[in-house]
Amino acid sequence: MTKKNGETNTQLILGILGFLGVIITSVLTIYAPVLQESFKQRNPPTDVPATVLVVTATNPPTAVPTDTVPPGDPTSTPAPATDTPVPTFTFTPAPALAAGEDWLQNCISTAWKVYPGSQAVTDSNGCYVRFLDGFSIRDQRLTLTITSKSVPTEETVGMFVEIPSNALINLNVHLTNMDAGEIRTGIFQEADIRSQGVVAVIPAGNPKNSAFAVHSMPADVREYISGKFKKDSGDYLITFDVASGNVIVRFEQYTSVKPIDVQADANGKKWLFIGYKAIVGKNNTMDANFFGLTITPR
């Protein structure tokens, strides 16, 4: 009997506890959201919201043109085609040296005109590299060397350079050998011995005791012949006093001849000639050089 009463009491206690658990669960289910909301209001959350950083460029982006327009983008501007510049080099020949200055540079300047015309060859420095036969440049002097030259008809060969219509011209000549032929220097209206002019003629003879003559051109008429100048050096000075309409020739500055008419060309200039005349029936042989050429405008 005692055992049954104890079991009855245990079952009763468990029933009561189960009943209470049901009641408590029901109460919590009903009131739990209310209690949770009340707790949130009394204790607000302390979480700091995330900060959003916005980066702004200090320089606006530069639009880059494109060679092609993307589909659907009518506002795109194609880049203009540009050629890469290529350096160009222009050859500029050196200016021709003035007559007289060229010899000092061991050069026959292209300022001189060959007479008669020939296939003379020049270089980029404005000098002839191949000139008239018999002419060359040596030791700052223009050299003339003709050896036993025979000709069927008389011929005059040389070089012209333009000069002012009013000028004083000094030219030194050194004579080494004058067996046959004539050395001629003079002033002409044109770069042509057939034009109006005057020439100083050095005939064959003793180089250290030479005479001189003056001929008017183009008729080649002898106007004057000097006595002989004894010069052991073989050096002689010829001066042309060029005025607007005439020329006076002097030898060694001591002998003066009458003015010879020589007019200027269409450009108001005249022409200085240096050369020689080969004579028919002779083995023309001449050896001389020219130096100290000065052309002084007036």
# chains A, B, ... in the order shown; residues from 1 in each chain; ligands from 1
call {"tool": "residues_around", "arguments": {"residues": "segment 177-179 of chain A", "least_positions_apart": "5", "cutoff": "6 Å", "atoms": "only C-alpha atoms", "output": "PyMOL selection string"}}
result
chain A and resi 204-205+285-287
call {"tool": "write_last_selection", "arguments": {"atoms": "N, CA and C atoms", "output": "compact mmCIF listing (two decimals), in the first residue's frame"}}
result
# COMPACT_ATOMS: atom_id res chain seq x y z
N ALA A 204 106.96 87.80 -126.56
CA ALA A 204 108.10 86.91 -126.30
C ALA A 204 109.37 87.76 -126.14
N GLY A 205 110.28 87.26 -125.33
CA GLY A 205 111.53 87.98 -125.11
C GLY A 205 112.15 87.60 -123.78
N THR A 285 105.38 78.84 -126.41
CA THR A 285 105.92 78.38 -125.12
C THR A 285 105.95 79.56 -124.16
N MET A 286 105.19 79.44 -123.07
CA MET A 286 105.11 80.50 -122.06
C MET A 286 105.08 79.88 -120.67
N ASP A 287 105.78 80.50 -119.76
CA ASP A 287 105.77 80.05 -118.37
C ASP A 287 105.74 81.30 -117.49
call {"tool": "closest_atom_pairs", "arguments": {"of": "segment 148-218 of chain A", "to": "segment 258-269 of chain A", "cutoff": "9 Å", "atoms": "only C-alpha atoms", "output": "JSON lines"}}
result
{"residue": "A:Glu162", "atom": "CA", "partner": "A:Lys269", "partner_atom": "CA", "distance": 6.6}
{"residue": "A:Ile163", "atom": "CA", "partner": "A:Lys269", "partner_atom": "CA", "distance": 5.9}
{"residue": "A:Pro164", "atom": "CA", "partner": "A:Lys269", "partner_atom": "CA", "distance": 5.1}
{"residue": "A:Ser165", "atom": "CA", "partner": "A:Lys269", "partner_atom": "CA", "distance": 4.8}
{"residue": "A:Asn166", "atom": "CA", "partner": "A:Lys269", "partner_atom": "CA", "distance": 8.5}
{"residue": "A:Ile187", "atom": "CA", "partner": "A:Val262", "partner_atom": "CA", "distance": 7.7}
{"residue": "A:Phe188", "atom": "CA", "partner": "A:Val262", "partner_atom": "CA", "distance": 6.6}
{"residue": "A:Gln189", "atom": "CA", "partner": "A:Ala264", "partner_atom": "CA", "distance": 5.3}
{"residue": "A:Glu190", "atom": "CA", "partner": "A:Asp265", "partner_atom": "CA", "distance": 6.2}
{"residue": "A:Gln196", "atom": "CA", "partner": "A:Val262", "partner_atom": "CA", "distance": 5.9}
{"residue": "A:Gly197", "atom": "CA", "partner": "A:Val262", "partner_atom": "CA", "distance": 5.3}
{"residue": "A:Val198", "atom": "CA", "partner": "A:Ile260", "partner_atom": "CA", "distance": 6.6}
{"residue": "A:Ser216", "atom": "CA", "partner": "A:Ile260", "partner_atom": "CA", "distance": 6.9}
call {"tool": "write_last_selection", "arguments": {"atoms": "N, CA and C atoms", "output": "compact mmCIF listing (two decimals), in the first residue's frame"}}
result
# COMPACT_ATOMS: atom_id res chain seq x y z
N GLU A 162 83.83 89.59 -113.63
CA GLU A 162 83.13 90.87 -113.65
C GLU A 162 83.74 91.83 -112.64
N ILE A 163 83.85 93.11 -113.03
CA ILE A 163 84.40 94.15 -112.15
C ILE A 163 83.49 95.37 -112.20
N PRO A 164 83.63 96.31 -111.23
CA PRO A 164 82.85 97.55 -111.30
C PRO A 164 83.27 98.39 -112.50
N SER A 165 82.38 99.27 -112.95
CA SER A 165 82.71 100.12 -114.11
C SER A 165 83.70 101.21 -113.75
N ASN A 166 83.86 101.48 -112.44
CA ASN A 166 84.88 102.41 -111.97
C ASN A 166 85.70 101.69 -110.90
N ILE A 187 90.82 94.78 -120.05
CA ILE A 187 89.46 95.15 -119.61
C ILE A 187 88.56 95.17 -120.84
N PHE A 188 87.38 94.51 -120.70
CA PHE A 188 86.44 94.40 -121.82
C PHE A 188 85.03 94.81 -121.38
N GLN A 189 84.24 95.18 -122.39
CA GLN A 189 82.84 95.53 -122.12
C GLN A 189 82.02 94.28 -121.78
N GLU A 190 82.30 93.18 -122.46
CA GLU A 190 81.61 91.92 -122.23
C GLU A 190 82.65 90.84 -121.94
N GLN A 196 84.23 95.46 -127.15
CA GLN A 196 85.11 96.62 -126.98
C GLN A 196 86.01 96.40 -125.76
N GLY A 197 87.32 96.72 -125.93
CA GLY A 197 88.22 96.52 -124.80
C GLY A 197 89.61 97.02 -125.05
N VAL A 198 90.48 96.78 -124.07
CA VAL A 198 91.89 97.15 -124.15
C VAL A 198 92.69 96.05 -123.47
N SER A 216 94.04 98.09 -128.62
CA SER A 216 92.61 98.32 -128.49
C SER A 216 91.88 97.16 -129.16
call {"tool": "closest_residue", "arguments": {"among": "A:Ala278, A:Leu237, A:Ile202, A:Leu293", "to": "Pro152 of chain A", "atoms": "only C-alpha atoms"}}
result
A:Ala278
call {"tool": "atom_distance", "arguments": {"atom1": "atom CA of Thr156 of chain A", "atom2": "atom CA of Ala111 of chain A"}}
result
19.7 Å
call {"tool": "residues_around", "arguments": {"residues": "Gln253 of chain A", "least_positions_apart": "2", "cutoff": "8 Å", "atoms": "only C-alpha atoms", "output": "ChimeraX atom specification"}}
result
/A:237-239,250-251,255-256
call {"tool": "write_last_selection", "arguments": {"atoms": "N, CA and C atoms", "output": "compact mmCIF listing (two decimals), in the first residue's frame"}}
result
# COMPACT_ATOMS: atom_id res chain seq x y z
N LEU A 237 104.44 94.88 -112.48
CA LEU A 237 103.12 95.33 -112.04
C LEU A 237 102.39 95.98 -113.20
N ILE A 238 101.16 95.50 -113.46
CA ILE A 238 100.30 96.09 -114.47
C ILE A 238 99.10 96.70 -113.75
N THR A 239 98.77 97.96 -114.09
CA THR A 239 97.65 98.66 -113.45
C THR A 239 96.64 99.08 -114.51
N ARG A 250 98.81 101.20 -117.12
CA ARG A 250 100.12 101.62 -116.65
C ARG A 250 100.98 100.38 -116.38
N PHE A 251 102.28 100.51 -116.65
CA PHE A 251 103.24 99.45 -116.37
C PHE A 251 104.22 99.96 -115.32
N THR A 255 104.82 104.39 -116.41
CA THR A 255 104.50 104.70 -117.79
C THR A 255 102.99 104.81 -117.94
N SER A 256 102.54 105.87 -118.54
CA SER A 256 101.11 106.06 -118.74
C SER A 256 100.81 106.19 -120.23
call {"tool": "atom_distance", "arguments": {"atom1": "atom CA of Val257 of chain A", "atom2": "atom CA of Asn289 of chain A"}}
result
24.5 Å
call {"tool": "residues_around", "arguments": {"residues": "Ala167 of chain A", "least_positions_apart": "4", "cutoff": "10 Å", "atoms": "only C-alpha atoms", "output": "PyMOL selection string"}}
result
chain A and resi 163+240-244+247+270+294-298
call {"tool": "write_last_selection", "arguments": {"atoms": "N, CA and C atoms", "output": "CSV table (one decimal), in the first residue's frame"}}
result
chain,number,residue,atom,x,y,z
A,163,ILE,N,83.8,93.1,-113.0
A,163,ILE,CA,84.4,94.1,-112.1
A,163,ILE,C,83.5,95.4,-112.2
A,240,PHE,N,95.4,98.8,-114.2
A,240,PHE,CA,94.3,99.3,-115.1
A,240,PHE,C,93.5,100.3,-114.3
A,241,ASP,N,93.5,101.5,-114.8
A,241,ASP,CA,92.7,102.6,-114.1
A,241,ASP,C,91.4,102.7,-114.9
A,242,VAL,N,90.3,102.1,-114.3
A,242,VAL,CA,89.1,101.9,-115.1
A,242,VAL,C,88.1,103.0,-114.7
A,243,ALA,N,87.7,103.8,-115.6
A,243,ALA,CA,86.7,104.9,-115.4
A,243,ALA,C,85.4,104.5,-116.1
A,244,SER,N,84.4,105.4,-116.0
A,244,SER,CA,83.1,105.0,-116.5
A,244,SER,C,83.1,104.7,-118.0
A,247,VAL,N,89.6,103.3,-120.1
A,247,VAL,CA,90.6,102.7,-119.3
A,247,VAL,C,92.0,103.2,-119.6
A,270,LYS,N,82.1,95.9,-116.1
A,270,LYS,CA,83.1,95.6,-117.1
A,270,LYS,C,83.7,94.3,-116.7
A,294,THR,N,94.3,92.8,-107.0
A,294,THR,CA,93.4,93.6,-106.1
A,294,THR,C,92.4,94.4,-107.1
A,295,ILE,N,91.2,94.4,-106.7
A,295,ILE,CA,90.1,95.1,-107.4
A,295,ILE,C,89.5,96.1,-106.4
A,296,THR,N,89.8,97.4,-106.6
A,296,THR,CA,89.3,98.4,-105.7
A,296,THR,C,88.2,99.3,-106.4
A,297,PRO,N,86.9,99.1,-106.0
A,297,PRO,CA,85.9,100.0,-106.6
A,297,PRO,C,86.1,101.5,-106.2
A,298,ARG,N,85.7,102.4,-107.0
A,298,ARG,CA,85.8,103.8,-106.8
A,298,ARG,C,84.4,104.5,-107.0
call {"tool": "closest_residue", "arguments": {"among": "A:Lys149, A:Tyr254, A:Arg194, A:Pro207", "to": "Ala219 of chain A", "atoms": "only C-alpha atoms"}}
result
A:Arg194
call {"tool": "atom_distance", "arguments": {"atom1": "atom CA of Glu182 of chain A", "atom2": "atom CA of Ile274 of chain A"}}
result
11.4 Å
call {"tool": "select_by_dssp", "arguments": {"residues": "segment 137-177 of chain A", "states": "strand (DSSP E)", "output": "PyMOL selection string"}}
result
chain A and resi 137-138+141-149+155-164+167-177
